[in-house]
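What follows is my_file_5.cif (mmCIF, N, CA and C atoms, pLDDT in the B column; chains and numbers go by the auth columns).
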```
data_run
loop_
_atom_site.group_PDB
_atom_site.id
_atom_site.type_symbol
_atom_site.label_atom_id
_atom_site.label_comp_id
_atom_site.label_asym_id
_atom_site.label_seq_id
_atom_site.Cartn_x
_atom_site.Cartn_y
_atom_site.Cartn_z
_atom_site.B_iso_or_equiv
_atom_site.auth_seq_id
_atom_site.auth_asym_id
ATOM 1 N N MET A 1 -1.448 6.437 -26.464 57.00 5 A
ATOM 2 C CA MET A 1 -0.456 6.831 -25.486 57.00 5 A
ATOM 3 C C MET A 1 0.007 5.589 -24.735 57.00 5 A
ATOM 4 N N PRO A 2 1.305 5.292 -24.767 70.00 6 A
ATOM 5 C CA PRO A 2 1.791 4.079 -24.100 70.00 6 A
ATOM 6 C C PRO A 2 1.738 4.189 -22.584 70.00 6 A
ATOM 7 N N LYS A 3 1.586 3.040 -21.952 76.00 7 A
ATOM 8 C CA LYS A 3 1.570 3.011 -20.495 76.00 7 A
ATOM 9 C C LYS A 3 2.981 3.232 -19.959 76.00 7 A
ATOM 10 N N LYS A 4 3.074 3.862 -18.810 79.00 8 A
ATOM 11 C CA LYS A 4 4.375 4.075 -18.182 79.00 8 A
ATOM 12 C C LYS A 4 4.721 2.851 -17.348 79.00 8 A
ATOM 13 N N ARG A 5 5.885 2.331 -17.576 89.00 9 A
ATOM 14 C CA ARG A 5 6.391 1.220 -16.773 89.00 9 A
ATOM 15 C C ARG A 5 7.265 1.788 -15.662 89.00 9 A
ATOM 16 N N HIS A 6 6.926 1.464 -14.447 91.00 10 A
ATOM 17 C CA HIS A 6 7.708 1.927 -13.311 91.00 10 A
ATOM 18 C C HIS A 6 8.776 0.894 -12.992 91.00 10 A
ATOM 19 N N LYS A 7 9.963 1.373 -12.715 95.00 11 A
ATOM 20 C CA LYS A 7 11.055 0.481 -12.306 95.00 11 A
ATOM 21 C C LYS A 7 10.829 0.080 -10.856 95.00 11 A
ATOM 22 N N PRO A 8 11.344 -1.070 -10.452 94.00 12 A
ATOM 23 C CA PRO A 8 11.147 -1.518 -9.058 94.00 12 A
ATOM 24 C C PRO A 8 11.586 -0.480 -8.019 94.00 12 A
ATOM 25 N N GLU A 9 12.659 0.236 -8.303 96.00 13 A
ATOM 26 C CA GLU A 9 13.127 1.250 -7.361 96.00 13 A
ATOM 27 C C GLU A 9 12.105 2.371 -7.220 96.00 13 A
ATOM 28 N N GLU A 10 11.478 2.752 -8.342 96.00 14 A
ATOM 29 C CA GLU A 10 10.471 3.803 -8.300 96.00 14 A
ATOM 30 C C GLU A 10 9.237 3.350 -7.507 96.00 14 A
ATOM 31 N N ILE A 11 8.870 2.086 -7.675 96.00 15 A
ATOM 32 C CA ILE A 11 7.710 1.547 -6.962 96.00 15 A
ATOM 33 C C ILE A 11 7.951 1.600 -5.463 96.00 15 A
ATOM 34 N N VAL A 12 9.122 1.147 -5.033 97.00 16 A
ATOM 35 C CA VAL A 12 9.450 1.143 -3.607 97.00 16 A
ATOM 36 C C VAL A 12 9.449 2.566 -3.066 97.00 16 A
ATOM 37 N N THR A 13 10.019 3.496 -3.818 97.00 17 A
ATOM 38 C CA THR A 13 10.063 4.891 -3.386 97.00 17 A
ATOM 39 C C THR A 13 8.663 5.466 -3.223 97.00 17 A
ATOM 40 N N LYS A 14 7.793 5.201 -4.194 97.00 18 A
ATOM 41 C CA LYS A 14 6.427 5.732 -4.116 97.00 18 A
ATOM 42 C C LYS A 14 5.647 5.100 -2.970 97.00 18 A
ATOM 43 N N LEU A 15 5.841 3.803 -2.733 97.00 19 A
ATOM 44 C CA LEU A 15 5.136 3.152 -1.633 97.00 19 A
ATOM 45 C C LEU A 15 5.615 3.689 -0.287 97.00 19 A
ATOM 46 N N ARG A 16 6.906 3.947 -0.157 97.00 20 A
ATOM 47 C CA ARG A 16 7.426 4.527 1.092 97.00 20 A
ATOM 48 C C ARG A 16 6.895 5.931 1.295 97.00 20 A
ATOM 49 N N GLN A 17 6.845 6.704 0.214 97.00 21 A
ATOM 50 C CA GLN A 17 6.300 8.061 0.290 97.00 21 A
ATOM 51 C C GLN A 17 4.833 8.009 0.721 97.00 21 A
ATOM 52 N N ALA A 18 4.097 7.049 0.179 97.00 22 A
ATOM 53 C CA ALA A 18 2.681 6.895 0.544 97.00 22 A
ATOM 54 C C ALA A 18 2.555 6.538 2.019 97.00 22 A
ATOM 55 N N ASP A 19 3.423 5.652 2.513 97.00 23 A
ATOM 56 C CA ASP A 19 3.385 5.282 3.935 97.00 23 A
ATOM 57 C C ASP A 19 3.579 6.494 4.836 97.00 23 A
ATOM 58 N N VAL A 20 4.513 7.347 4.469 97.00 24 A
ATOM 59 C CA VAL A 20 4.789 8.543 5.265 97.00 24 A
ATOM 60 C C VAL A 20 3.570 9.458 5.278 97.00 24 A
ATOM 61 N N LEU A 21 2.988 9.676 4.113 96.00 25 A
ATOM 62 C CA LEU A 21 1.835 10.578 4.030 96.00 25 A
ATOM 63 C C LEU A 21 0.636 10.010 4.785 96.00 25 A
ATOM 64 N N ILE A 22 0.426 8.702 4.704 96.00 26 A
ATOM 65 C CA ILE A 22 -0.689 8.079 5.421 96.00 26 A
ATOM 66 C C ILE A 22 -0.459 8.165 6.923 96.00 26 A
ATOM 67 N N SER A 23 0.780 7.981 7.357 97.00 27 A
ATOM 68 C CA SER A 23 1.067 8.065 8.792 97.00 27 A
ATOM 69 C C SER A 23 0.892 9.487 9.321 97.00 27 A
ATOM 70 N N GLN A 24 0.959 10.474 8.431 97.00 28 A
ATOM 71 C CA GLN A 24 0.735 11.860 8.830 97.00 28 A
ATOM 72 C C GLN A 24 -0.751 12.193 8.893 97.00 28 A
ATOM 73 N N GLY A 25 -1.592 11.204 8.583 96.00 29 A
ATOM 74 C CA GLY A 25 -3.023 11.386 8.734 96.00 29 A
ATOM 75 C C GLY A 25 -3.774 11.747 7.468 96.00 29 A
ATOM 76 N N GLN A 26 -3.111 11.674 6.327 95.00 30 A
ATOM 77 C CA GLN A 26 -3.798 12.012 5.088 95.00 30 A
ATOM 78 C C GLN A 26 -4.681 10.854 4.626 95.00 30 A
ATOM 79 N N ASP A 27 -5.705 11.186 3.867 95.00 31 A
ATOM 80 C CA ASP A 27 -6.630 10.200 3.326 95.00 31 A
ATOM 81 C C ASP A 27 -5.932 9.391 2.230 95.00 31 A
ATOM 82 N N ILE A 28 -6.224 8.103 2.146 95.00 32 A
ATOM 83 C CA ILE A 28 -5.568 7.229 1.177 95.00 32 A
ATOM 84 C C ILE A 28 -5.807 7.709 -0.252 95.00 32 A
ATOM 85 N N ALA A 29 -7.026 8.155 -0.556 95.00 33 A
ATOM 86 C CA ALA A 29 -7.332 8.630 -1.905 95.00 33 A
ATOM 87 C C ALA A 29 -6.463 9.835 -2.272 95.00 33 A
ATOM 88 N N ASP A 30 -6.246 10.743 -1.319 96.00 34 A
ATOM 89 C CA ASP A 30 -5.397 11.912 -1.573 96.00 34 A
ATOM 90 C C ASP A 30 -3.943 11.497 -1.779 96.00 34 A
ATOM 91 N N VAL A 31 -3.499 10.538 -0.992 97.00 35 A
ATOM 92 C CA VAL A 31 -2.112 10.064 -1.096 97.00 35 A
ATOM 93 C C VAL A 31 -1.871 9.428 -2.458 97.00 35 A
ATOM 94 N N ILE A 32 -2.815 8.614 -2.905 96.00 36 A
ATOM 95 C CA ILE A 32 -2.666 7.942 -4.196 96.00 36 A
ATOM 96 C C ILE A 32 -2.575 8.977 -5.316 96.00 36 A
ATOM 97 N N ARG A 33 -3.384 10.030 -5.231 95.00 37 A
ATOM 98 C CA ARG A 33 -3.322 11.100 -6.233 95.00 37 A
ATOM 99 C C ARG A 33 -1.970 11.808 -6.190 95.00 37 A
ATOM 100 N N GLN A 34 -1.440 12.020 -4.996 96.00 38 A
ATOM 101 C CA GLN A 34 -0.165 12.738 -4.856 96.00 38 A
ATOM 102 C C GLN A 34 1.004 11.944 -5.424 96.00 38 A
ATOM 103 N N ILE A 35 1.004 10.620 -5.261 95.00 39 A
ATOM 104 C CA ILE A 35 2.130 9.845 -5.788 95.00 39 A
ATOM 105 C C ILE A 35 1.968 9.549 -7.275 95.00 39 A
ATOM 106 N N GLY A 36 0.785 9.841 -7.819 93.00 40 A
ATOM 107 C CA GLY A 36 0.606 9.787 -9.268 93.00 40 A
ATOM 108 C C GLY A 36 0.316 8.423 -9.847 93.00 40 A
ATOM 109 N N VAL A 37 -0.378 7.566 -9.113 94.00 41 A
ATOM 110 C CA VAL A 37 -0.768 6.261 -9.644 94.00 41 A
ATOM 111 C C VAL A 37 -2.264 6.063 -9.416 94.00 41 A
ATOM 112 N N SER A 38 -2.822 5.078 -10.092 94.00 42 A
ATOM 113 C CA SER A 38 -4.241 4.790 -9.886 94.00 42 A
ATOM 114 C C SER A 38 -4.412 3.978 -8.603 94.00 42 A
ATOM 115 N N GLU A 39 -5.650 3.943 -8.134 95.00 43 A
ATOM 116 C CA GLU A 39 -5.946 3.191 -6.913 95.00 43 A
ATOM 117 C C GLU A 39 -5.665 1.704 -7.108 95.00 43 A
ATOM 118 N N VAL A 40 -6.020 1.184 -8.270 95.00 44 A
ATOM 119 C CA VAL A 40 -5.789 -0.231 -8.574 95.00 44 A
ATOM 120 C C VAL A 40 -4.292 -0.547 -8.563 95.00 44 A
ATOM 121 N N THR A 41 -3.509 0.333 -9.177 95.00 45 A
ATOM 122 C CA THR A 41 -2.056 0.131 -9.207 95.00 45 A
ATOM 123 C C THR A 41 -1.482 0.147 -7.804 95.00 45 A
ATOM 124 N N TYR A 42 -1.909 1.089 -6.968 96.00 46 A
ATOM 125 C CA TYR A 42 -1.413 1.189 -5.601 96.00 46 A
ATOM 126 C C TYR A 42 -1.658 -0.104 -4.835 96.00 46 A
ATOM 127 N N TYR A 43 -2.892 -0.607 -4.897 96.00 47 A
ATOM 128 C CA TYR A 43 -3.213 -1.815 -4.141 96.00 47 A
ATOM 129 C C TYR A 43 -2.531 -3.050 -4.728 96.00 47 A
ATOM 130 N N ARG A 44 -2.316 -3.068 -6.038 96.00 48 A
ATOM 131 C CA ARG A 44 -1.591 -4.191 -6.656 96.00 48 A
ATOM 132 C C ARG A 44 -0.139 -4.190 -6.183 96.00 48 A
ATOM 133 N N TRP A 45 0.484 -3.007 -6.158 96.00 49 A
ATOM 134 C CA TRP A 45 1.853 -2.901 -5.660 96.00 49 A
ATOM 135 C C TRP A 45 1.916 -3.337 -4.199 96.00 49 A
ATOM 136 N N ARG A 46 0.946 -2.929 -3.402 95.00 50 A
ATOM 137 C CA ARG A 46 0.915 -3.314 -1.982 95.00 50 A
ATOM 138 C C ARG A 46 0.858 -4.831 -1.837 95.00 50 A
ATOM 139 N N GLN A 47 0.059 -5.453 -2.676 95.00 51 A
ATOM 140 C CA GLN A 47 -0.122 -6.888 -2.581 95.00 51 A
ATOM 141 C C GLN A 47 1.160 -7.635 -2.921 95.00 51 A
ATOM 142 N N GLU A 48 1.918 -7.100 -3.870 89.00 52 A
ATOM 143 C CA GLU A 48 3.174 -7.733 -4.260 89.00 52 A
ATOM 144 C C GLU A 48 4.202 -7.490 -3.195 89.00 52 A
#
```

How does the structure come out when it is put into structure tokens?
Amino acid sequence: MPKKRHKPEEIVTKLRQADVLISQGQDIADVIRQIGVSEVTYYRWRQE
């Protein structure tokens, strides 16, 4: 099964969505599951 490549626009959208959910008090692990990426991917995107 090939890996899904996210476009830069999709990455920005998912990170913004994660910011909103985290600011509403949700747990980071739950937020990462909701946006549909792995924990490693989330933190790598954050770092970039």

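Straight-line separation from atom CA of Lys8 of chain A to atom N of Gly29 of chain A: 28.3 Å.
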
### Query
Leaving out Arg50 of chain A and any residue of its chain fewer than 2 positions from it, which residues lie within 10 Å of it when counting only C-alpha atoms, given as number ranges by chain?
A: 15-16, 19, 44-48, 52

### chain A: residues DSSP assigns to alpha helix (DSSP H), reported as a ChimeraX atom specification
/A:12-27,32-39,43-51

Any chance you could work out the axis-aligned box around segment 25-39 of chain A, listed atoms only, 4 Å on each side, giving centre and edge lengths in Å to one decimal, as AutoDock Vina command-line options?
```
--center_x -2.2 --center_y 10.0 --center_z 1.0 --size_x 18.3 --size_y 13.5 --size_z 24.6
```

Could segment 23-42 of chain A be written out with N, CA and C atoms, as a short mmCIF file (atom, residue, chain, number, x, y, z; two decimals), in the first residue's frame, please?
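Below is the file that was written, part.cif:
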```cif
data_model
loop_
_atom_site.label_atom_id
_atom_site.label_comp_id
_atom_site.auth_asym_id
_atom_site.auth_seq_id
_atom_site.Cartn_x
_atom_site.Cartn_y
_atom_site.Cartn_z
N ASP A 23 -4.56 22.90 15.97
CA ASP A 23 -4.42 24.03 16.91
C ASP A 23 -5.76 24.39 17.55
N VAL A 24 -6.80 24.41 16.74
CA VAL A 24 -8.13 24.75 17.25
C VAL A 24 -8.59 23.71 18.27
N LEU A 25 -8.42 22.44 17.93
CA LEU A 25 -8.87 21.38 18.83
C LEU A 25 -8.07 21.38 20.13
N ILE A 26 -6.77 21.64 20.05
CA ILE A 26 -5.93 21.68 21.25
C ILE A 26 -6.32 22.87 22.11
N SER A 27 -6.62 24.00 21.49
CA SER A 27 -7.02 25.18 22.26
C SER A 27 -8.37 24.98 22.94
N GLN A 28 -9.18 24.05 22.43
CA GLN A 28 -10.46 23.74 23.06
C GLN A 28 -10.29 22.77 24.22
N GLY A 29 -9.05 22.36 24.48
CA GLY A 29 -8.77 21.54 25.64
C GLY A 29 -8.67 20.05 25.38
N GLN A 30 -8.64 19.66 24.12
CA GLN A 30 -8.53 18.23 23.82
C GLN A 30 -7.09 17.75 23.99
N ASP A 31 -6.95 16.47 24.26
CA ASP A 31 -5.64 15.85 24.43
C ASP A 31 -4.94 15.75 23.07
N ILE A 32 -3.63 15.95 23.04
CA ILE A 32 -2.88 15.94 21.79
C ILE A 32 -3.03 14.61 21.06
N ALA A 33 -3.00 13.50 21.80
CA ALA A 33 -3.13 12.18 21.18
C ALA A 33 -4.48 12.04 20.47
N ASP A 34 -5.55 12.56 21.08
CA ASP A 34 -6.87 12.50 20.46
C ASP A 34 -6.93 13.38 19.21
N VAL A 35 -6.30 14.53 19.29
CA VAL A 35 -6.30 15.46 18.15
C VAL A 35 -5.57 14.84 16.96
N ILE A 36 -4.43 14.22 17.23
CA ILE A 36 -3.65 13.60 16.16
C ILE A 36 -4.47 12.51 15.48
N ARG A 37 -5.20 11.72 16.27
CA ARG A 37 -6.06 10.68 15.69
C ARG A 37 -7.17 11.30 14.84
N GLN A 38 -7.73 12.41 15.30
CA GLN A 38 -8.84 13.05 14.57
C GLN A 38 -8.39 13.62 13.23
N ILE A 39 -7.18 14.18 13.15
CA ILE A 39 -6.74 14.74 11.88
C ILE A 39 -6.18 13.67 10.95
N GLY A 40 -5.98 12.46 11.47
CA GLY A 40 -5.64 11.33 10.62
C GLY A 40 -4.19 11.19 10.24
N VAL A 41 -3.28 11.58 11.12
CA VAL A 41 -1.85 11.40 10.86
C VAL A 41 -1.21 10.72 12.07
N SER A 42 -0.01 10.22 11.88
CA SER A 42 0.69 9.60 13.01
C SER A 42 1.30 10.69 13.88
#
```
